[in-house]
Amino acid sequence: MSSPLKVGIVGTGYAAARRAESLQADERSRPLYVSGHSPESLDRFCRTHDLTGLDWRSLVTHPDLDLVVIANINRDHGSLVRAALESGKHVIVEYPLTTTPEEGRELIEIAEKQKKLLHVEHIELLGGLHRAQQQHLPEIGTPFHARYATVVPQNPVPRRWTFHRELFGFPSIAALSRIHRLTNLFGSVVSVSCQNRYWDAPEEGYFLACLCEAKLLFSSGLMAGITYGKGEVFHKSDRTFEIHGDRGSLVFDGEEGQLIRGEESRSIEVGSRRGLFTKDTTMVLDYLFDAIPLYVTPRESLYALEVAHACYQSSITGQTVLL
């Protein structure tokens with residue numbers, strides 16, 4: 001791999017900006033081009049990060065580029081990944097890789113055939129909360145129950161793609177990190193059941209709020225519940241993650257953690273969430289230049305997507321789905 005690595009970015013939002021900053025700060029990479037949804041956001045991003053704007057088709061096939069970073073609307077991830085890989089580029093894509101497991105398997109096969117990196121970002125696995133859970137999990141014995149809730153009140157909600165059914169996608173797929181954290185900690189899933197509800201906005205396709213409740217049964221016997229909700233109908237935020245074992249419990253409320261065993265309660269230090277995009281980007285460059293293994297594989301991300309898609313199927317049929 002020759003240095004600097006020439007990079008194109010698809011997207012002009014928060015994740016794309018953090019990628020641009022991280023890549024520009026590393027001498028091994030040089031961002032050149034960016035594509036965006038609107039002329040205004042594209043022009044602003046180009047001026048801020050000193051990049052050249054292109055339409056996405058020209059960007060992902062550009063002969064000068066070695067690496068394409070995909071950080072735009074969830075609906076388009078799969079088609080962009082496919083186009084970039086088939087054009088011989090390495091790819092970083094923010095989760096989800098795509099919206100269906102079938103296409104996910106195809107994309108992984110293309111990457112392997114092309115001998116190119118396909119990295120699906122899951123920076124939550126690098127965060128202080130997940131690392132604290134991994135560190136202290138042995139102290140609670142055999143885990144048998146977990147509850148993970150993310151509820152974000154927002155009023156009024158913006159008419160952005162994150163509140164659009166098609167562009168955002170089904171909540172368990174769009175917010176895939178919730179499931180991936182659990183599969184990373186506890187392994188394979190036997191069955192899922194899920195219910196989902198939208199509160200529709202007046203504009204077609206948009207919603208004012210969503211609530212997705214999933215129940216997962218793991219092969220170990222552990223039962224887990226995931227709650228994901230956001231929007232105007234909620235009036236209190238909830239960021240709790242509890243894990244209960246036969247010798248104690250881990251309880252995290254936001255960035256504060258506790259280990260509870262009987263009458264004993266001990267605070268757990270949770271590291272900062274800051275700088276995770278930079279850490280992820282550095283690890284990708286370490287892999288490309290020095291073959292240092294990454295913290296996650298695309299097949300691990302694909303498995304989380306398979307579980308998330310089973311949640312979608314359950315919400316449609318009203319039945320428990322076996323994996």
# chains A, B, ... in the order shown; residues from 1 in each chain; ligands from 1

$ residues_around --residues "Gly53 of chain A" --least-positions-apart "4" --cutoff "7 Å" --atoms "only C-alpha atoms" --output "PyMOL selection string"
chain A and resi 33-35+42+46

$ write_last_selection --atoms "C-alpha atoms" --output "short mmCIF file (atom, residue, chain, number, x, y, z; two decimals), in the first residue's frame"
data_model
loop_
_atom_site.label_atom_id
_atom_site.label_comp_id
_atom_site.auth_asym_id
_atom_site.auth_seq_id
_atom_site.Cartn_x
_atom_site.Cartn_y
_atom_site.Cartn_z
CA TYR A 33 -13.24 14.11 -2.86
CA VAL A 34 -16.66 14.16 -1.22
CA SER A 35 -20.23 13.74 -2.43
CA LEU A 42 -21.67 19.75 -0.14
CA CYS A 46 -15.81 21.18 0.78
#

$ residues_around --residues "Arg105 of chain A" --least-positions-apart "2" --cutoff "12 Å" --atoms "only C-alpha atoms" --output "MDAnalysis selection string"
chainID A and resid 78 82 97:103 107:112 118 298:303 305:306

$ write_last_selection --atoms "C-alpha atoms" --output "PDB file, in the first residue's frame"
ATOM      1  CA  GLY A  78     -25.508  -1.525   0.043  1.00  0.00           C
ATOM      2  CA  ARG A  82     -21.130  -2.714  -4.133  1.00  0.00           C
ATOM      3  CA  LEU A  97     -23.597  -2.622   5.883  1.00  0.00           C
ATOM      4  CA  THR A  98     -26.913  -2.905   4.059  1.00  0.00           C
ATOM      5  CA  THR A  99     -30.547  -3.570   4.953  1.00  0.00           C
ATOM      6  CA  THR A 100     -30.802  -7.291   4.150  1.00  0.00           C
ATOM      7  CA  PRO A 101     -28.603 -10.259   5.121  1.00  0.00           C
ATOM      8  CA  GLU A 102     -28.770 -11.594   1.564  1.00  0.00           C
ATOM      9  CA  GLU A 103     -27.117  -8.508   0.112  1.00  0.00           C
ATOM     10  CA  LEU A 107     -21.013  -7.771  -0.542  1.00  0.00           C
ATOM     11  CA  ILE A 108     -18.666  -9.744   1.697  1.00  0.00           C
ATOM     12  CA  GLU A 109     -18.108 -12.244  -1.106  1.00  0.00           C
ATOM     13  CA  ILE A 110     -17.314  -9.416  -3.538  1.00  0.00           C
ATOM     14  CA  ALA A 111     -14.780  -7.937  -1.098  1.00  0.00           C
ATOM     15  CA  GLU A 112     -13.106 -11.313  -0.646  1.00  0.00           C
ATOM     16  CA  LEU A 118     -14.647  -4.111   3.721  1.00  0.00           C
ATOM     17  CA  PRO A 298     -17.709  -7.898   8.412  1.00  0.00           C
ATOM     18  CA  ARG A 299     -19.085 -11.363   9.162  1.00  0.00           C
ATOM     19  CA  GLU A 300     -19.619 -10.398  12.806  1.00  0.00           C
ATOM     20  CA  SER A 301     -21.513  -7.346  11.615  1.00  0.00           C
ATOM     21  CA  LEU A 302     -23.457  -9.527   9.178  1.00  0.00           C
ATOM     22  CA  TYR A 303     -24.528 -11.824  12.004  1.00  0.00           C
ATOM     23  CA  LEU A 305     -27.729  -7.821  10.789  1.00  0.00           C
ATOM     24  CA  GLU A 306     -29.244 -11.315  10.481  1.00  0.00           C
TER      25      GLU A 306
END

$ residues_around --residues "Ser29 of chain A" --least-positions-apart "4" --cutoff "9 Å" --atoms "only C-alpha atoms" --output "number ranges by chain"
A: 3-7, 23-25, 285

$ write_last_selection --atoms "all heavy atoms" --output "PDB file, in the first residue's frame"
ATOM      1  N   SER A   3       1.712   5.268   0.302  1.00  0.00           N
ATOM      2  CA  SER A   3       1.278   6.360   1.176  1.00  0.00           C
ATOM      3  C   SER A   3       1.555   7.693   0.478  1.00  0.00           C
ATOM      4  O   SER A   3       2.591   7.860  -0.163  1.00  0.00           O
ATOM      5  CB  SER A   3       2.018   6.283   2.508  1.00  0.00           C
ATOM      6  OG  SER A   3       1.645   7.319   3.354  1.00  0.00           O
ATOM      7  N   PRO A   4       0.628   8.681   0.562  1.00  0.00           N
ATOM      8  CA  PRO A   4      -0.621   8.593   1.319  1.00  0.00           C
ATOM      9  C   PRO A   4      -1.736   7.903   0.543  1.00  0.00           C
ATOM     10  O   PRO A   4      -1.769   7.960  -0.687  1.00  0.00           O
ATOM     11  CB  PRO A   4      -0.976  10.062   1.559  1.00  0.00           C
ATOM     12  CG  PRO A   4      -0.424  10.770   0.361  1.00  0.00           C
ATOM     13  CD  PRO A   4       0.853  10.041   0.015  1.00  0.00           C
ATOM     14  N   LEU A   5      -2.617   7.266   1.279  1.00  0.00           N
ATOM     15  CA  LEU A   5      -3.784   6.611   0.712  1.00  0.00           C
ATOM     16  C   LEU A   5      -4.769   7.684   0.258  1.00  0.00           C
ATOM     17  O   LEU A   5      -5.111   8.587   1.019  1.00  0.00           O
ATOM     18  CB  LEU A   5      -4.419   5.741   1.791  1.00  0.00           C
ATOM     19  CG  LEU A   5      -5.344   4.602   1.395  1.00  0.00           C
ATOM     20  CD1 LEU A   5      -4.570   3.511   0.685  1.00  0.00           C
ATOM     21  CD2 LEU A   5      -6.029   4.052   2.634  1.00  0.00           C
ATOM     22  N   LYS A   6      -5.252   7.607  -0.971  1.00  0.00           N
ATOM     23  CA  LYS A   6      -6.170   8.611  -1.508  1.00  0.00           C
ATOM     24  C   LYS A   6      -7.611   8.177  -1.200  1.00  0.00           C
ATOM     25  O   LYS A   6      -7.993   7.049  -1.507  1.00  0.00           O
ATOM     26  CB  LYS A   6      -5.954   8.793  -3.003  1.00  0.00           C
ATOM     27  CG  LYS A   6      -4.540   9.259  -3.362  1.00  0.00           C
ATOM     28  CD  LYS A   6      -4.392   9.435  -4.842  1.00  0.00           C
ATOM     29  CE  LYS A   6      -2.972   9.859  -5.205  1.00  0.00           C
ATOM     30  NZ  LYS A   6      -1.995   8.789  -4.913  1.00  0.00           N
ATOM     31  N   VAL A   7      -8.383   9.086  -0.619  1.00  0.00           N
ATOM     32  CA  VAL A   7      -9.677   8.737  -0.038  1.00  0.00           C
ATOM     33  C   VAL A   7     -10.789   9.637  -0.574  1.00  0.00           C
ATOM     34  O   VAL A   7     -10.598  10.846  -0.757  1.00  0.00           O
ATOM     35  CB  VAL A   7      -9.631   8.864   1.502  1.00  0.00           C
ATOM     36  CG1 VAL A   7     -10.932   8.343   2.113  1.00  0.00           C
ATOM     37  CG2 VAL A   7      -8.428   8.126   2.078  1.00  0.00           C
ATOM     38  N   LEU A  23      -8.805  11.450   8.895  1.00  0.00           N
ATOM     39  CA  LEU A  23      -7.966  11.099   7.752  1.00  0.00           C
ATOM     40  C   LEU A  23      -6.965  12.207   7.436  1.00  0.00           C
ATOM     41  O   LEU A  23      -5.822  11.932   7.064  1.00  0.00           O
ATOM     42  CB  LEU A  23      -8.859  10.820   6.538  1.00  0.00           C
ATOM     43  CG  LEU A  23      -9.687   9.531   6.613  1.00  0.00           C
ATOM     44  CD1 LEU A  23     -10.842   9.574   5.622  1.00  0.00           C
ATOM     45  CD2 LEU A  23      -8.815   8.304   6.359  1.00  0.00           C
ATOM     46  N   GLN A  24      -7.390  13.459   7.587  1.00  0.00           N
ATOM     47  CA  GLN A  24      -6.475  14.572   7.316  1.00  0.00           C
ATOM     48  C   GLN A  24      -5.379  14.675   8.370  1.00  0.00           C
ATOM     49  O   GLN A  24      -4.286  15.171   8.087  1.00  0.00           O
ATOM     50  CB  GLN A  24      -7.273  15.877   7.228  1.00  0.00           C
ATOM     51  CG  GLN A  24      -8.096  15.978   5.951  1.00  0.00           C
ATOM     52  CD  GLN A  24      -9.012  17.174   5.929  1.00  0.00           C
ATOM     53  OE1 GLN A  24      -9.514  17.608   6.961  1.00  0.00           O
ATOM     54  NE2 GLN A  24      -9.265  17.710   4.738  1.00  0.00           N
ATOM     55  N   ALA A  25      -5.673  14.195   9.572  1.00  0.00           N
ATOM     56  CA  ALA A  25      -4.688  14.277  10.659  1.00  0.00           C
ATOM     57  C   ALA A  25      -3.640  13.167  10.597  1.00  0.00           C
ATOM     58  O   ALA A  25      -2.634  13.228  11.300  1.00  0.00           O
ATOM     59  CB  ALA A  25      -5.399  14.231  12.008  1.00  0.00           C
ATOM     60  N   LEU A 285      -6.250   2.165   9.026  1.00  0.00           N
ATOM     61  CA  LEU A 285      -4.961   2.443   8.382  1.00  0.00           C
ATOM     62  C   LEU A 285      -3.879   1.497   8.876  1.00  0.00           C
ATOM     63  O   LEU A 285      -3.020   1.059   8.098  1.00  0.00           O
ATOM     64  CB  LEU A 285      -4.575   3.902   8.626  1.00  0.00           C
ATOM     65  CG  LEU A 285      -5.520   4.939   7.993  1.00  0.00           C
ATOM     66  CD1 LEU A 285      -5.123   6.348   8.401  1.00  0.00           C
ATOM     67  CD2 LEU A 285      -5.553   4.806   6.475  1.00  0.00           C
TER      68      LEU A 285
END

$ residues_around --residues "Phe163 of chain A" --least-positions-apart "4" --cutoff "10 Å" --atoms "only C-alpha atoms" --output "NGL selection string"
:A and (157-159 or 167-169 or 200-201 or 205-210 or 230-231)

$ select_by_dssp --residues "segment 43-273 of chain A" --states "strand (DSSP E or B)" --output "PyMOL selection string"
chain A and resi 52-53+67-70+90-94+118-121+143-153+164+189-200+206-218+223-231+238-245+248-253+256-261+264-268

$ select_by_dssp --residues "segment 2-64 of chain A" --states "alpha helix (DSSP H)" --output "PyMOL selection string"
chain A and resi 14-25+39-49+56-60

$ residues_around --residues "Glu242 of chain A" --least-positions-apart "2" --cutoff "12 Å" --atoms "only C-alpha atoms" --output "MDAnalysis selection string"
chainID A and resid 129:130 133 137 140 143:149 182 223:226 239:240 244:245 248:254 256:260

$ closest_residue --among "A:Gln195, A:Thr150, A:Thr162, A:Ser58" --to "Tyr312 of chain A" --atoms "only C-alpha atoms"
A:Gln195

$ residues_around --residues "Glu121 of chain A" --least-positions-apart "5" --cutoff "8 Å" --atoms "only C-alpha atoms" --output "list in words"
Ile92, Val93, Glu94, Tyr95 and Asp280 of chain A

$ write_last_selection --atoms "N, CA and C atoms" --output "mmCIF file, in the first residue's frame"
data_model
loop_
_atom_site.group_PDB
_atom_site.id
_atom_site.type_symbol
_atom_site.label_atom_id
_atom_site.label_comp_id
_atom_site.auth_asym_id
_atom_site.auth_seq_id
_atom_site.Cartn_x
_atom_site.Cartn_y
_atom_site.Cartn_z
ATOM 1 N N ILE A 92 -14.769 1.642 3.844
ATOM 2 C CA ILE A 92 -15.271 1.802 5.207
ATOM 3 C C ILE A 92 -16.724 2.217 5.083
ATOM 4 N N VAL A 93 -17.623 1.542 5.790
ATOM 5 C CA VAL A 93 -19.034 1.911 5.765
ATOM 6 C C VAL A 93 -19.546 1.966 7.202
ATOM 7 N N GLU A 94 -20.277 3.030 7.521
ATOM 8 C CA GLU A 94 -20.926 3.093 8.831
ATOM 9 C C GLU A 94 -22.035 2.045 8.856
ATOM 10 N N TYR A 95 -22.278 1.429 10.031
ATOM 11 C CA TYR A 95 -23.336 0.428 10.084
ATOM 12 C C TYR A 95 -24.683 1.068 9.789
ATOM 13 N N ASP A 280 -11.121 4.376 15.287
ATOM 14 C CA ASP A 280 -11.525 3.432 14.248
ATOM 15 C C ASP A 280 -10.729 3.680 12.963
#

$ residues_around --residues "His90 of chain A" --least-positions-apart "3" --cutoff "7 Å" --atoms "only C-alpha atoms" --output "ChimeraX atom specification"
/A:66-68,85,116-118

$ write_last_selection --atoms "C-alpha atoms" --output "JSON list (two decimals), in the first residue's frame"
[["chain", "number", "residue", "atom", "x", "y", "z"],
["A", 66, "ASP", "CA", -7.80, 3.80, -3.02],
["A", 67, "LEU", "CA", -10.40, 3.98, -0.24],
["A", 68, "VAL", "CA", -14.06, 5.06, -0.12],
["A", 85, "LEU", "CA", -15.84, -2.73, -4.26],
["A", 116, "LYS", "CA", -10.23, -5.52, -0.72],
["A", 117, "LEU", "CA", -10.97, -4.40, 2.81],
["A", 118, "LEU", "CA", -14.65, -4.11, 3.72]]

$ closest_residue --among "A:Leu276, A:Ile9, A:Val69, A:Ala308" --to "Glu213 of chain A" --atoms "only C-alpha atoms"
A:Ala308
